[in-house]
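J.: This one is model22.txt, compact mmCIF, C-alpha atoms and all ligand atoms.
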# COMPACT_ATOMS: atom_id res chain seq x y z
CA MET V 1 21.29 -32.37 -27.61
CA SER V 2 20.83 -32.82 -23.85
CA LYS V 3 23.78 -34.22 -21.94
CA VAL V 4 21.54 -35.57 -19.16
CA LYS V 5 20.06 -38.92 -20.16
CA LYS V 6 20.00 -40.74 -16.83
CA ALA V 7 18.16 -40.21 -13.57
CA ILE V 8 18.30 -41.78 -10.14
CA ILE V 9 15.04 -42.01 -8.20
CA PRO V 10 15.67 -42.96 -4.57
CA ALA V 11 12.69 -44.90 -3.27
CA ALA V 12 14.18 -47.05 -0.52
CA GLY V 13 13.36 -44.98 2.55
CA LEU V 14 11.34 -46.39 5.42
CA GLY V 15 8.48 -43.88 5.14
CA THR V 16 7.92 -43.62 8.89
CA ARG V 17 5.88 -40.40 8.52
CA PHE V 18 3.23 -42.43 6.72
CA LEU V 19 2.88 -45.35 9.10
CA PRO V 20 0.87 -47.52 9.42
CA ALA V 21 0.16 -47.43 5.64
CA THR V 22 3.87 -47.86 4.83
CA LYS V 23 4.17 -50.97 6.97
CA THR V 24 3.17 -52.99 3.91
CA VAL V 25 2.90 -50.48 1.04
CA PRO V 26 5.98 -48.48 -0.02
CA LYS V 27 5.07 -44.79 0.23
CA GLU V 28 6.08 -44.29 -3.41
CA MET V 29 3.19 -46.65 -4.30
CA LEU V 30 0.50 -44.65 -2.49
CA THR V 31 -2.04 -43.42 -5.00
CA ILE V 32 -2.53 -39.87 -6.21
CA VAL V 33 -5.92 -39.90 -8.01
CA ASP V 34 -5.37 -43.11 -10.02
CA ALA V 35 -1.63 -43.72 -10.24
CA PRO V 36 1.11 -44.21 -7.66
CA ILE V 37 3.33 -41.30 -6.61
CA ILE V 38 6.33 -42.86 -8.38
CA PHE V 39 4.50 -42.76 -11.73
CA TYR V 40 4.35 -38.95 -11.64
CA VAL V 41 8.02 -38.76 -10.68
CA VAL V 42 9.08 -41.04 -13.55
CA GLU V 43 6.81 -39.07 -15.91
CA GLU V 44 8.56 -35.82 -14.94
CA ALA V 45 11.97 -37.38 -15.67
CA VAL V 46 10.83 -38.75 -19.04
CA LYS V 47 9.37 -35.37 -20.08
CA ALA V 48 12.76 -33.83 -19.23
CA GLY V 49 14.43 -36.10 -21.82
CA ILE V 50 15.68 -38.80 -19.44
CA GLU V 51 15.99 -42.22 -21.09
CA ASP V 52 17.38 -44.48 -18.35
CA ILE V 53 15.88 -44.42 -14.88
CA VAL V 54 17.60 -46.04 -11.94
CA LEU V 55 15.09 -46.87 -9.24
CA ILE V 56 16.74 -47.31 -5.86
CA ALA V 57 14.42 -49.74 -4.14
CA GLY V 58 14.56 -51.35 -0.72
CA ARG V 59 13.02 -54.29 1.07
CA GLY V 60 9.38 -54.97 0.16
CA LYS V 61 9.54 -52.69 -2.84
CA HIS V 62 8.75 -55.28 -5.54
CA SER V 63 5.45 -53.57 -6.20
CA ILE V 64 7.34 -50.53 -7.56
CA GLU V 65 9.21 -52.69 -10.05
CA ASP V 66 6.04 -54.61 -10.94
CA PHE V 67 4.20 -51.36 -11.66
CA PHE V 68 6.56 -50.58 -14.57
CA ASP V 69 6.51 -54.16 -15.85
CA THR V 70 4.04 -56.06 -18.05
CA SER V 71 1.00 -57.61 -16.38
CA TYR V 72 0.11 -60.33 -18.92
CA GLU V 73 -3.05 -61.59 -17.28
CA LEU V 74 -4.53 -58.13 -16.78
CA GLU V 75 -3.61 -56.88 -20.23
CA ASP V 76 -5.00 -60.02 -21.86
CA ARG V 77 -8.29 -59.51 -20.05
CA LEU V 78 -8.50 -55.80 -21.00
CA ALA V 79 -7.79 -56.71 -24.64
CA LYS V 80 -10.57 -59.32 -24.64
CA GLU V 81 -12.99 -56.83 -23.10
CA GLY V 82 -12.04 -54.18 -25.69
CA LYS V 83 -10.89 -51.72 -23.02
CA SER V 84 -8.32 -50.17 -25.33
CA HIS V 85 -8.04 -46.88 -23.42
CA LEU V 86 -6.85 -48.67 -20.25
CA LEU V 87 -4.67 -51.00 -22.27
CA ASP V 88 -2.97 -48.03 -23.96
CA ARG V 89 -2.34 -46.43 -20.59
CA LEU V 90 -0.66 -49.57 -19.26
CA ALA V 91 1.41 -49.90 -22.44
CA HIS V 92 2.50 -46.26 -22.07
CA ILE V 93 3.65 -46.86 -18.47
CA ARG V 94 5.62 -49.93 -19.53
CA SER V 95 7.39 -48.16 -22.38
CA MET V 96 8.00 -44.77 -20.71
CA ALA V 97 11.71 -45.37 -20.08
CA ASN V 98 14.29 -48.06 -19.40
CA ILE V 99 13.75 -48.78 -15.74
CA ILE V 100 16.72 -50.28 -13.97
CA SER V 101 16.20 -51.34 -10.39
CA ILE V 102 19.00 -51.35 -7.83
CA ARG V 103 18.51 -52.48 -4.28
CA GLN V 104 19.71 -50.37 -1.39
CA LYS V 105 20.23 -53.14 1.13
CA GLN V 106 19.96 -50.83 4.13
CA ALA V 107 18.34 -47.40 4.36
CA LEU V 108 21.64 -45.64 5.13
CA GLY V 109 20.48 -42.25 3.91
CA LEU V 110 19.85 -40.31 0.73
CA GLY V 111 23.56 -39.94 -0.07
CA HIS V 112 23.98 -43.71 0.13
CA ALA V 113 20.87 -44.24 -2.03
CA VAL V 114 22.27 -41.94 -4.75
CA LEU V 115 25.67 -43.67 -4.60
CA SER V 116 23.91 -47.01 -5.15
CA GLY V 117 23.10 -45.77 -8.68
CA LEU V 118 26.80 -45.45 -9.61
CA PRO V 119 27.01 -48.76 -11.58
CA VAL V 120 24.43 -47.36 -14.03
CA VAL V 121 25.33 -43.67 -14.27
CA GLY V 122 29.11 -44.20 -14.35
CA LYS V 123 30.82 -40.97 -15.38
CA GLU V 124 27.76 -39.37 -16.98
CA PRO V 125 25.83 -36.43 -15.55
CA PHE V 126 22.51 -37.45 -14.05
CA ALA V 127 19.33 -36.10 -12.49
CA VAL V 128 18.04 -37.06 -9.04
CA LEU V 129 14.32 -36.93 -8.32
CA LEU V 130 13.14 -37.91 -4.86
CA GLY V 131 10.58 -40.68 -5.21
CA ASP V 132 8.08 -39.08 -2.83
CA GLU V 133 8.14 -35.49 -4.11
CA ILE V 134 5.64 -34.48 -6.78
CA THR V 135 5.84 -31.33 -8.87
CA MET V 136 3.02 -30.07 -11.06
CA GLY V 137 4.08 -27.65 -13.73
CA PHE V 138 2.06 -24.76 -15.08
CA ARG V 139 0.59 -24.89 -18.56
CA GLY V 140 3.25 -24.33 -21.22
CA GLU V 141 6.17 -24.34 -18.74
CA PRO V 142 8.89 -27.04 -18.78
CA ASN V 143 8.81 -29.19 -15.63
CA VAL V 144 11.28 -28.69 -12.77
CA THR V 145 13.73 -31.40 -13.91
CA ALA V 146 13.60 -30.04 -17.47
CA GLN V 147 14.45 -26.55 -16.14
CA LEU V 148 17.47 -27.99 -14.27
CA VAL V 149 18.59 -30.04 -17.27
CA SER V 150 18.53 -26.91 -19.50
CA SER V 151 20.63 -25.05 -16.98
CA PHE V 152 23.13 -27.90 -16.73
CA ASN V 153 23.41 -28.13 -20.53
CA GLU V 154 24.24 -24.44 -20.63
CA THR V 155 26.56 -24.13 -17.63
CA GLU V 156 27.99 -27.69 -17.29
CA THR V 157 27.73 -27.13 -13.56
CA SER V 158 25.62 -29.19 -11.14
CA THR V 159 22.31 -27.40 -10.54
CA ILE V 160 19.65 -27.91 -7.89
CA ALA V 161 16.12 -26.64 -7.40
CA ILE V 162 15.44 -24.37 -4.42
CA MET V 163 12.28 -22.91 -2.93
CA GLU V 164 11.61 -20.41 -0.15
CA VAL V 165 10.12 -21.80 3.08
CA LEU V 166 8.97 -20.29 6.37
CA GLU V 167 11.47 -20.04 9.24
CA LYS V 168 9.53 -22.64 11.25
CA ASP V 169 9.97 -25.15 8.40
CA VAL V 170 13.74 -24.95 7.79
CA SER V 171 14.36 -27.93 10.08
CA LYS V 172 12.45 -30.20 7.64
CA TYR V 173 14.80 -29.62 4.69
CA GLY V 174 18.33 -29.33 3.42
CA ILE V 175 18.91 -25.56 3.39
CA ALA V 176 21.17 -23.72 0.93
CA ASP V 177 23.10 -20.54 1.61
CA VAL V 178 22.96 -18.83 -1.80
CA GLU V 179 24.04 -15.70 -3.64
CA GLU V 180 21.84 -14.39 -6.49
CA VAL V 181 23.62 -14.21 -9.85
CA LYS V 182 20.58 -13.17 -11.90
CA PRO V 183 16.82 -13.30 -11.19
CA GLY V 184 15.92 -16.84 -10.14
CA PHE V 185 19.48 -18.13 -10.58
CA PHE V 186 21.99 -18.50 -7.73
CA LYS V 187 25.44 -19.72 -6.77
CA VAL V 188 25.37 -22.03 -3.72
CA ASN V 189 27.94 -21.13 -1.06
CA SER V 190 27.10 -23.81 1.50
CA LEU V 191 24.43 -26.23 2.70
CA ILE V 192 23.15 -27.55 5.98
CA GLU V 193 20.85 -30.54 6.51
CA LYS V 194 17.70 -30.00 8.58
CA PRO V 195 19.09 -27.07 10.63
CA LYS V 196 17.47 -25.58 13.69
CA PRO V 197 16.15 -22.09 12.79
CA HIS V 198 19.00 -20.42 14.73
CA GLN V 199 21.63 -22.36 12.72
CA THR V 200 20.83 -20.61 9.45
CA LYS V 201 19.58 -17.28 8.16
CA SER V 202 18.67 -18.78 4.81
CA ARG V 203 15.09 -19.80 3.92
CA TRP V 204 16.09 -21.52 0.67
CA ALA V 205 15.13 -25.19 0.94
CA LEU V 206 15.89 -28.14 -1.34
CA PRO V 207 12.68 -29.70 -2.67
CA GLY V 208 14.33 -32.89 -4.02
CA ARG V 209 15.27 -32.16 -7.63
CA TYR V 210 18.93 -32.08 -8.68
CA VAL V 211 21.21 -32.46 -11.71
CA PHE V 212 24.78 -33.46 -10.94
CA ASP V 213 27.99 -34.09 -12.82
CA SER V 214 29.82 -37.29 -11.88
CA GLU V 215 32.05 -35.55 -9.30
CA ILE V 216 29.29 -35.95 -6.70
CA MET V 217 29.77 -39.74 -6.90
CA ASN V 218 33.49 -39.38 -6.10
CA LEU V 219 32.54 -37.32 -3.05
CA LEU V 220 29.83 -39.74 -1.94
CA LYS V 221 32.29 -42.66 -2.12
CA ASN V 222 34.33 -40.99 0.61
CA ALA V 223 31.42 -39.63 2.65
CA THR V 224 30.88 -40.65 6.24
CA PRO V 225 27.58 -40.79 8.16
CA SER V 226 26.53 -37.58 9.90
CA LEU V 227 23.03 -36.41 10.97
CA ASN V 228 20.94 -39.39 12.22
CA GLY V 229 23.85 -41.73 11.40
CA GLU V 230 22.98 -41.42 7.68
CA ILE V 231 25.13 -40.58 4.67
CA GLN V 232 23.71 -37.18 3.83
CA LEU V 233 23.68 -36.01 0.23
CA THR V 234 23.95 -32.40 1.42
CA ASP V 235 27.37 -33.09 3.04
CA SER V 236 28.85 -34.06 -0.34
CA MET V 237 27.05 -31.20 -2.07
CA LYS V 238 28.69 -28.85 0.40
CA VAL V 239 32.13 -30.11 -0.70
CA LEU V 240 31.01 -29.77 -4.34
CA CYS V 241 30.28 -26.05 -3.74
CA GLU V 242 33.92 -25.58 -2.81
CA SER V 243 35.40 -27.67 -5.63
CA ARG V 244 33.49 -27.67 -8.95
CA GLY V 245 30.75 -25.27 -7.85
CA LEU V 246 27.00 -25.70 -7.50
CA ASN V 247 24.18 -23.61 -8.99
CA ALA V 248 20.61 -23.31 -7.76
CA MET V 249 17.43 -22.11 -9.38
CA THR V 250 13.90 -21.34 -8.38
CA PHE V 251 11.17 -22.99 -10.47
CA LYS V 252 7.69 -22.43 -11.79
CA ALA V 253 5.60 -25.34 -10.51
CA ASN V 254 3.63 -26.44 -7.50
CA ARG V 255 5.49 -28.97 -5.41
CA TYR V 256 4.21 -31.44 -2.83
CA ASP V 257 5.99 -33.66 -0.34
CA ALA V 258 3.74 -36.65 -0.90
CA GLY V 259 5.63 -38.56 1.80
CA ASP V 260 3.96 -36.24 4.30
CA LYS V 261 0.25 -36.62 5.09
CA LEU V 262 -0.78 -33.04 4.35
CA GLY V 263 1.34 -32.84 1.20
CA TYR V 264 -0.14 -36.13 0.03
CA LEU V 265 -3.72 -34.93 0.45
CA GLN V 266 -2.93 -31.60 -1.23
CA ALA V 267 -1.35 -33.39 -4.21
CA ASN V 268 -4.52 -35.50 -4.57
CA ILE V 269 -6.67 -32.38 -4.53
CA GLU V 270 -4.58 -30.48 -7.07
CA LEU V 271 -4.40 -33.42 -9.44
CA GLY V 272 -8.12 -34.08 -8.95
CA LEU V 273 -8.89 -30.45 -9.82
CA ARG V 274 -6.71 -30.75 -12.93
CA ASN V 275 -8.64 -33.84 -14.06
CA PRO V 276 -11.56 -32.84 -16.35
CA GLU V 277 -13.63 -35.85 -15.21
CA LEU V 278 -13.29 -35.01 -11.50
CA GLN V 279 -12.89 -31.24 -11.55
CA SER V 280 -16.39 -29.90 -10.99
CA GLY V 281 -17.55 -32.65 -8.61
CA LEU V 282 -14.44 -32.28 -6.47
CA ARG V 283 -14.57 -28.47 -6.43
CA ASP V 284 -18.24 -28.46 -5.38
CA TYR V 285 -17.49 -31.00 -2.65
CA ILE V 286 -14.49 -29.07 -1.28
CA LEU V 287 -16.46 -25.82 -1.15
CA ALA V 288 -19.46 -27.47 0.51
CA ILE V 289 -17.54 -29.46 3.13
CA SER V 290 -15.26 -26.55 4.07
CA LYS V 291 -18.33 -24.48 4.94
CA LYS V 292 -19.41 -27.21 7.35
CA LEU V 293 -16.15 -27.02 9.34
CA LYS V 294 -16.84 -25.02 12.50
CA ASN V 295 -14.56 -24.81 15.55
CA GLY V 296 -12.63 -27.92 14.56
CA PHE V 297 -15.74 -30.07 13.98
CA LEU V 298 -17.65 -31.03 10.86
CA GLU V 299 -21.28 -30.19 11.38
P1 LIG D 301 12.92 -39.17 3.37
O1 LIG D 301 13.77 -38.15 3.98
O2 LIG D 301 11.51 -38.81 3.07
O3 LIG D 301 13.04 -40.49 4.26
O4 LIG D 301 13.61 -39.61 2.02
P2 LIG D 301 12.09 -41.72 4.52
O5 LIG D 301 12.81 -42.60 5.44
O6 LIG D 301 11.66 -42.38 3.25
O7 LIG D 301 10.76 -41.08 5.13
P3 LIG D 301 10.34 -40.79 6.65
O8 LIG D 301 10.97 -39.48 6.99
O9 LIG D 301 10.79 -41.95 7.46
O10 LIG D 301 8.83 -40.69 6.56
C1 LIG D 301 13.52 -38.88 0.81
C2 LIG D 301 13.60 -39.85 -0.37
O11 LIG D 301 14.83 -40.59 -0.32
C3 LIG D 301 14.57 -41.98 -0.28
C4 LIG D 301 13.13 -42.11 0.22
O12 LIG D 301 12.52 -43.29 -0.29
C5 LIG D 301 12.47 -40.86 -0.34
O13 LIG D 301 11.98 -41.05 -1.65
N1 LIG D 301 15.57 -42.64 0.61
C6 LIG D 301 15.81 -42.15 1.86
C7 LIG D 301 16.25 -43.75 0.17
O14 LIG D 301 16.04 -44.20 -0.99
N2 LIG D 301 17.13 -44.36 0.99
C8 LIG D 301 17.41 -43.90 2.24
O15 LIG D 301 18.25 -44.50 2.94
C9 LIG D 301 16.71 -42.76 2.69
Do you think you could lay out the structure here as structure tokens?

T.:
Amino acid sequence: MSKVKKAIIPAAGLGTRFLPATKTVPKEMLTIVDAPIIFYVVEEAVKAGIEDIVLIAGRGKHSIEDFFDTSYELEDRLAKEGKSHLLDRLAHIRSMANIISIRQKQALGLGHAVLSGLPVVGKEPFAVLLGDEITMGFRGEPNVTAQLVSSFNETETSTIAIMEVLEKDVSKYGIADVEEVKPGFFKVNSLIEKPKPHQTKSRWALPGRYVFDSEIMNLLKNATPSLNGEIQLTDSMKVLCESRGLNAMTFKANRYDAGDKLGYLQANIELGLRNPELQSGLRDYILAISKKLKNGFLE
């Protein structure tokens, strides 16, 4: 039986890369095809066997909580109109997992957001899924969180997902200095948050999926702000490497930073192409419109 039953989903960031949309709409509520980003993140956690989900929400984030709640008026109307397919979908969303919402009163950084989940996770191991990162698994493969959970169950050591990025992109991510133990599986020696390319030789970036044992919470309690005045999760993970140890693994899935404009559009296209109703219309449109793009203008 899996030891990892809880997950923390930080969704209290300010989303400045997506302004002006995020002035009033939390970025986790922006839509990918027909559901908000956060839905896909929660779905990944549930498919990995997570039962309790701690949503770390901030100011103006009621819509996230409402999304996972009952909407009596709407459901009553759908029932009267016999729209059972939609009704079933809403019921599924409501019953996916126990959603517990905790407010992060100030956006003091990812480390602080994760620590805010302590009253729920206590001394248990837990997964962390960033609320604006979407992964889309390949047919027949377990999703990224499920791959991490399996590794944790086997090794009882905190395990994070890593992916290779280009040198010019290292400054956008937490970067791990790793040592390969077996194909696709690594020991983490150190970490650095959003380094300049000359500060690291590593190209292994953290895409926002983690499974931790409770030691990380002890470290976060004593953490102090660093880069950008925020409590950085990577600082405490760095200490974890030296104490209990930290594993990393590559994964089989496509991953999008949906909190970034390009990543958001790409996630919409991939999910649209995976949707049987939209697939052929969307493919034909993409092929046709790309041919019209000449010298930076659409003809
Ligand atoms: P980001 O690094 O994307 O930060 O956070 P952000 O502030 O939301 O976005 P930008 O850079 O201003 O556009 C990664 C994840 O961690 C959450 C965010 O909601 C996002 O899901 N987060 C970040 C918190 O929950 N609290 C924080 O204090 C910071």

J.: To one decimal place in Å, what is the distance between atom CA of Arg255 of chain V and atom CA of Lys172 of chain V?

T.: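 If I compute the distance from atom CA of Arg255 of chain V to atom CA of Lys172 of chain V, I get 14.8 Å.
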
J.: Give the residues close to ligand LIG 301 (chain D), within 7 Å, counting only C-alpha atoms and all ligand atoms; write them as a ChimeraX atom specification.

T.: /V:10-18,28,56-57,104,106-110,112-113,130-132,259-260

J.: When you count all atoms listed in the file, which of these residues is closest to Lys27 of chain V: V:Ile134, V:Ala48, V:Ala258, V:Leu219?

T.: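 Of the candidates, the smallest distance to Lys27 of chain V is held by V:Ala258.
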
J.: Considering only C-alpha atoms, can you say which of V:Asp88, V:Glu124, V:Glu75, V:Asp284 comes closest to Asp52 of chain V?

T.: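 Ranked by minimum distance to Asp52 of chain V, first place goes to V:Glu124.
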
J.: One decimal, Å: what's the distance from atom CA of Glu44 of chain V over to atom CA of Glu270 of chain V, could you say?

T.: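 So the two atoms, atom CA of Glu44 of chain V and atom CA of Glu270 of chain V, lie 16.2 Å apart.
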
J.: Fewer than 4 positions away in the same chain doesn't count, so skip those; otherwise give me all residues within 8 Å of segment 2-6 of chain V, counting all atoms listed in the file, as a list in words.

T.: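 Skipping anything fewer than 4 positions along the chain leaves Gly49, Ile50, Glu51, Asp52, Ile53, Val54, Val121, Glu124, Pro125, Phe126, Ala127, Val149, Ser150 and Asn153 of chain V.
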
J.: Give me, please, the distance in Å between atom CA of Arg209 of chain V and atom CA of Arg103 of chain V, quoted to one decimal.

T.: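 Between these atoms lies a distance of 20.8 Å.
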